[in-house]
2 protein chains.
Amino acid sequence: MGPGAEPGMESGAEASRGGWSQIRPIAFEDGKTAQAQVYETLRGALMSGHLRPGEDISLRQAAATLGTSVTPVREALRQLEIEGGLEVHGRNRTCRVPLVGPEALAEIRDIRVELEGMATERAAALVTAAQLRLVTNACRLMERAAGTGDADLYLENNWRFHSLIYRAARRPRLLEMIERLWLSTGPLVRLALSKPGHLDHSMECHWLVERALRSGDAPAARSAILRDITGAARDLEDVLETTPTDARRPR
Amino acid sequence: MGPGAEPGMESGAEASRGGWSQIRPIAFEDGKTAQAQVYETLRGALMSGHLRPGEDISLRQAAATLGTSVTPVREALRQLEIEGGLEVHGRNRTCRVPLVGPEALAEIRDIRVELEGMATERAAALVTAAQLRLVTNACRLMERAAGTGDADLYLENNWRFHSLIYRAARRPRLLEMIERLWLSTGPLVRLALSKPGHLDHSMECHWLVERALRSGDAPAARSAILRDITGAARDLEDVLETTPTDARRPR
DNA sequence: TGGCACAAGACGTGATCACAGATGGGCATG
DNA sequence: CATGCCCATCTGTGATCACGTCTTGTGCCA
């Protein structure tokens, strides 16, 4: 990403409309159950920010969009509720994408620091050359996305970059817990892109992590990841307090 | 627990039989949904070790035992699967309580060290006098259970002791993640009781934690909790490698 | 008597239906 | 004209049924 980059990055047209326009009917033919495909579809939609904070999720509407009955959708929504990716609105038990406040953001940041720091440190000792190539590639793609202003491509490879590293730590439960944390922040990360200078700082950290992994320097990798996490959390906090809550609600 | 205690603690008659004998039909009358009650019932049965590692869970059998149809049970089982408390066996997607191996045990121990250490450190600064009384009470009950050899009472208050401390940290997400870890080790903790000396070391750590919390000494509280976790993990590891896997399977 | 095949039962999955509660818009009334 | 009420319709929930798969037990044949 060159110097003097544009202050923000537009979030794409599909993100400013209702998130359901991006959801496609599930494939349905392979061995996986309908419920699992619905779950993965909705989970991906949350992580990539297609479903926006405060948005209501209706069982029948989701079932119609995904081309199934309500049964698999109900199970998938319940799973996402357990993971914190969705919440029930209360008396009618309507599902919606949670609005996370500053205190929840701080909590998630603290847990991320511990877990992702641990995973990165371990990954530095265990990462293979093939995995390292994929990490470097994700870095390059992020940089290209930052240059062209493609928010979707950037976010996708940002998650990919982190995911590859944590996968290299070979701790399946740790990876799952980290993914669960990203599920909560997923609808929000798009907001951080509007913070001027966020991309520069973030990409600097990413390259620091990549270099530390390459040289097997575990403490350096950990501290670089920590800088990335805390920096993103700070940017997100700034955006949250300058953006009124109502403006983040749909309709 | 007095000196010269018995080398092990019997696990209770109900734990050596099939776990289902302890499961009661759900209450069903209050405002909560049937699915939530089924979930909590099964979750509690897992955490307290009533359901044993390797045991199969059938939808229809569970529904009949709990007095509901299969629909709420299916959702509850899927949630527990997501949390790692259950796993699906394969082609027929049969649910069973996972058999955790030494490597999974080490992973869970490492995550527990980070998360529960963080929570305890925070709790030392935030715990109220009322919460501290409950912690002390749980300690006393554990000690009494250790003296009389009541495994159920001990395990219940062991979880209660830890849960009270982590609740005092006022990090709801952190608490949930810790509970999820306990869900995986729950079916196993009973095994650690058979290790000679386990109770002595564990109770010593518990009182150290209690004292550190009372004096507000966050680092001391953290290190005491860490000793408890690593000690229990070591005992469990010893039991696991001296006990053949088949012996832990039911029937 | 041993091995194989077929049938019956159990398994999870997903669609459909009935039901209770919440909701919003339109109509009647003050 | 404003306000309150009622009904049509939405919501999630849970029970039931149909379907494909897998396991198990039994009977038949070699």
# chains A, B, ... in the order shown; residues from 1 in each chain; ligands from 1
>>> residues_around(residues="region 25-28 of chain C", least_positions_apart="4", cutoff="10 Å", atoms="only C-alpha atoms (C1' of nucleotides)", output="PDB file with N, CA and C atoms (P, O5', C5', C4', C3', O3' and C1' of nucleotides), in the first residue's frame")
ATOM      1  P    DG D   4     -55.322   6.372  24.033  1.00  0.00           P
ATOM      2  O5'  DG D   4     -56.174   5.019  24.074  1.00  0.00           O
ATOM      3  C5'  DG D   4     -57.585   5.092  24.218  1.00  0.00           C
ATOM      4  C4'  DG D   4     -58.250   3.957  23.451  1.00  0.00           C
ATOM      5  C3'  DG D   4     -57.616   2.574  23.671  1.00  0.00           C
ATOM      6  O3'  DG D   4     -58.639   1.629  23.866  1.00  0.00           O
ATOM      7  C1'  DG D   4     -57.778   3.017  21.372  1.00  0.00           C
ATOM      8  P    DC D   5     -58.332   0.248  24.653  1.00  0.00           P
ATOM      9  O5'  DC D   5     -59.089  -0.870  23.802  1.00  0.00           O
ATOM     10  C5'  DC D   5     -60.331  -0.557  23.188  1.00  0.00           C
ATOM     11  C4'  DC D   5     -60.456  -1.271  21.845  1.00  0.00           C
ATOM     12  C3'  DC D   5     -60.005  -2.729  21.865  1.00  0.00           C
ATOM     13  O3'  DC D   5     -60.975  -3.515  21.199  1.00  0.00           O
ATOM     14  C1'  DC D   5     -58.971  -1.604  20.081  1.00  0.00           C
ATOM     15  P    DC D   6     -61.200  -5.093  21.642  1.00  0.00           P
ATOM     16  O5'  DC D   6     -61.461  -5.841  20.265  1.00  0.00           O
ATOM     17  C5'  DC D   6     -62.004  -5.107  19.153  1.00  0.00           C
ATOM     18  C4'  DC D   6     -61.382  -5.606  17.854  1.00  0.00           C
ATOM     19  C3'  DC D   6     -60.950  -7.075  17.874  1.00  0.00           C
ATOM     20  O3'  DC D   6     -61.306  -7.666  16.633  1.00  0.00           O
ATOM     21  C1'  DC D   6     -59.132  -5.746  17.231  1.00  0.00           C
ATOM     22  P    DC D   7     -61.832  -9.202  16.578  1.00  0.00           P
ATOM     23  O5'  DC D   7     -61.324  -9.690  15.142  1.00  0.00           O
ATOM     24  C5'  DC D   7     -61.405  -8.783  14.038  1.00  0.00           C
ATOM     25  C4'  DC D   7     -60.132  -8.845  13.202  1.00  0.00           C
ATOM     26  C3'  DC D   7     -59.598 -10.259  12.933  1.00  0.00           C
ATOM     27  O3'  DC D   7     -59.196 -10.342  11.581  1.00  0.00           O
ATOM     28  C1'  DC D   7     -57.873  -8.947  13.830  1.00  0.00           C
ATOM     29  P    DA D   8     -59.434 -11.701  10.752  1.00  0.00           P
ATOM     30  O5'  DA D   8     -58.344 -11.582   9.586  1.00  0.00           O
ATOM     31  C5'  DA D   8     -58.071 -10.295   9.019  1.00  0.00           C
ATOM     32  C4'  DA D   8     -56.572 -10.140   8.761  1.00  0.00           C
ATOM     33  C3'  DA D   8     -55.876 -11.406   8.259  1.00  0.00           C
ATOM     34  O3'  DA D   8     -55.013 -11.067   7.175  1.00  0.00           O
ATOM     35  C1'  DA D   8     -54.805 -10.645  10.228  1.00  0.00           C
TER      36       DA D   8
END
>>> select_by_dssp(residues="region 52-126 of chain B", states="strand (DSSP E or B)", output="list in words")
Asp56, Ile57, Glu87, Val88, Cys95 and Arg96 of chain B
>>> atom_distance(atom1="CA of Gly54 (chain B)", atom2="CA of Glu107 (chain B)")
19.7 Å
>>> interface_residues(of="chain C", to="chain B", cutoff="10 Å", atoms="only C-alpha atoms (C1' of nucleotides)", output="number ranges by chain")
C: 10-13
>>> interface_residues(of="chain D", to="chain A", cutoff="10 Å", atoms="only C-alpha atoms (C1' of nucleotides)", output="ChimeraX atom specification")
/D:11-13
>>> write_last_selection(atoms="C-alpha atoms (C1' of nucleotides)", output="PDB file, in the first residue's frame")
ATOM      1  C1'  DT D  11     -42.772 -14.767  14.815  1.00  0.00           C
ATOM      2  C1'  DG D  12     -40.466 -19.123  17.157  1.00  0.00           C
ATOM      3  C1'  DT D  13     -41.483 -23.670  19.182  1.00  0.00           C
TER       4       DT D  13
END
>>> atom_distance(atom1="CA of Trp207 (chain A)", atom2="CA of Gly44 (chain A)")
25.5 Å
>>> closest_atom_pairs(of="chain A", to="chain B", cutoff="7 Å", atoms="only C-alpha atoms", output="CSV")
residue,atom,partner,partner_atom,distance
A:Glu75,CA,B:Glu75,CA,5.6
A:Gln79,CA,B:Gln79,CA,5.4
A:Ile82,CA,B:Gln79,CA,6.9
A:Glu107,CA,B:Arg171,CA,6.6
A:Glu114,CA,B:Glu114,CA,6.5
A:Arg171,CA,B:Glu107,CA,6.6
>>> atom_distance(atom1="CA of Glu87 (chain B)", atom2="CA of Gly186 (chain B)")
14.6 Å
>>> select_by_dssp(residues="region 33-248 of chain A", states="alpha helix (DSSP H)", output="NGL selection string")
:A and (34-47 or 59-66 or 70-83 or 102-126 or 129-148 or 151-168 or 172-192 or 198-215 or 218-242 or 245-248)
>>> residues_around(residues="DT26 (chain D)", least_positions_apart="4", cutoff="12 Å", atoms="only C-alpha atoms (C1' of nucleotides)", output="PyMOL selection string")
chain C and resi 4-8
>>> residues_around(residues="Ala62 (chain A)", least_positions_apart="5", cutoff="8 Å", atoms="only C-alpha atoms (C1' of nucleotides)", output="list in words")
Ile57, Val70 and Val73 of chain A
>>> decode(residues="region 155-232 of chain B", atoms="C-alpha atoms", output="short mmCIF file (atom, residue, chain, number, x, y, z; two decimals), in the first residue's frame")
data_model
loop_
_atom_site.label_atom_id
_atom_site.label_comp_id
_atom_site.auth_asym_id
_atom_site.auth_seq_id
_atom_site.Cartn_x
_atom_site.Cartn_y
_atom_site.Cartn_z
CA LEU B 155 -16.86 -32.21 42.01
CA GLU B 156 -19.93 -30.03 42.26
CA ASN B 157 -18.22 -27.62 44.63
CA ASN B 158 -14.96 -27.76 42.74
CA TRP B 159 -16.72 -26.39 39.69
CA ARG B 160 -18.66 -24.01 41.90
CA PHE B 161 -15.43 -22.70 43.43
CA HIS B 162 -13.84 -22.00 40.07
CA SER B 163 -17.06 -20.67 38.58
CA LEU B 164 -17.55 -18.18 41.41
CA ILE B 165 -14.07 -16.78 40.93
CA TYR B 166 -14.38 -16.41 37.17
CA ARG B 167 -17.80 -14.86 37.58
CA ALA B 168 -16.25 -12.26 39.85
CA ALA B 169 -14.02 -11.17 36.96
CA ARG B 170 -17.15 -9.81 35.20
CA ARG B 171 -16.16 -10.96 31.75
CA PRO B 172 -19.20 -12.82 30.39
CA ARG B 173 -17.49 -13.97 27.22
CA LEU B 174 -14.43 -15.12 29.10
CA LEU B 175 -16.63 -17.03 31.51
CA GLU B 176 -18.40 -18.75 28.63
CA MET B 177 -15.15 -19.81 27.04
CA ILE B 178 -13.89 -21.21 30.31
CA GLU B 179 -17.14 -23.11 30.82
CA ARG B 180 -16.73 -24.55 27.36
CA LEU B 181 -13.29 -25.86 28.32
CA TRP B 182 -14.71 -27.44 31.45
CA LEU B 183 -17.32 -29.08 29.27
CA SER B 184 -14.54 -31.02 27.58
CA THR B 185 -12.74 -31.99 30.75
CA GLY B 186 -15.89 -32.54 32.82
CA PRO B 187 -16.26 -36.22 31.97
CA LEU B 188 -12.61 -36.69 32.93
CA VAL B 189 -12.18 -34.86 36.21
CA ARG B 190 -13.75 -37.73 38.04
CA LEU B 191 -10.86 -39.88 36.92
CA ALA B 192 -8.32 -37.59 38.57
CA LEU B 193 -9.87 -38.31 41.96
CA SER B 194 -8.46 -41.81 41.83
CA LYS B 195 -4.93 -40.41 41.82
CA PRO B 196 -3.41 -40.62 45.32
CA GLY B 197 -2.55 -37.23 46.70
CA HIS B 198 -4.59 -35.36 44.11
CA LEU B 199 -7.05 -34.03 46.64
CA ASP B 200 -4.37 -32.82 49.02
CA HIS B 201 -2.54 -30.85 46.38
CA SER B 202 -5.74 -29.50 44.88
CA MET B 203 -7.17 -28.34 48.19
CA GLU B 204 -3.88 -26.70 49.07
CA CYS B 205 -4.08 -24.69 45.84
CA HIS B 206 -7.70 -23.84 46.49
CA TRP B 207 -6.94 -22.36 49.87
CA LEU B 208 -3.99 -20.47 48.40
CA VAL B 209 -6.32 -18.96 45.83
CA GLU B 210 -8.86 -18.09 48.48
CA ARG B 211 -6.25 -16.40 50.63
CA ALA B 212 -4.82 -14.47 47.68
CA LEU B 213 -8.28 -13.27 46.69
CA ARG B 214 -8.92 -12.18 50.25
CA SER B 215 -5.77 -10.07 50.31
CA GLY B 216 -6.26 -8.82 46.77
CA ASP B 217 -2.95 -10.27 45.63
CA ALA B 218 -3.60 -10.77 41.91
CA PRO B 219 -0.27 -12.39 40.93
CA ALA B 220 -0.46 -14.83 43.84
CA ALA B 221 -4.03 -15.75 42.93
CA ARG B 222 -3.00 -16.34 39.36
CA SER B 223 -0.06 -18.53 40.22
CA ALA B 224 -2.12 -20.56 42.69
CA ILE B 225 -4.82 -21.22 40.10
CA LEU B 226 -2.10 -22.19 37.64
CA ARG B 227 -0.70 -24.69 40.12
CA ASP B 228 -4.17 -26.17 40.55
CA ILE B 229 -4.71 -26.49 36.80
CA THR B 230 -1.34 -27.92 35.94
CA GLY B 231 -1.43 -30.26 38.90
CA ALA B 232 -4.83 -31.61 37.94
#
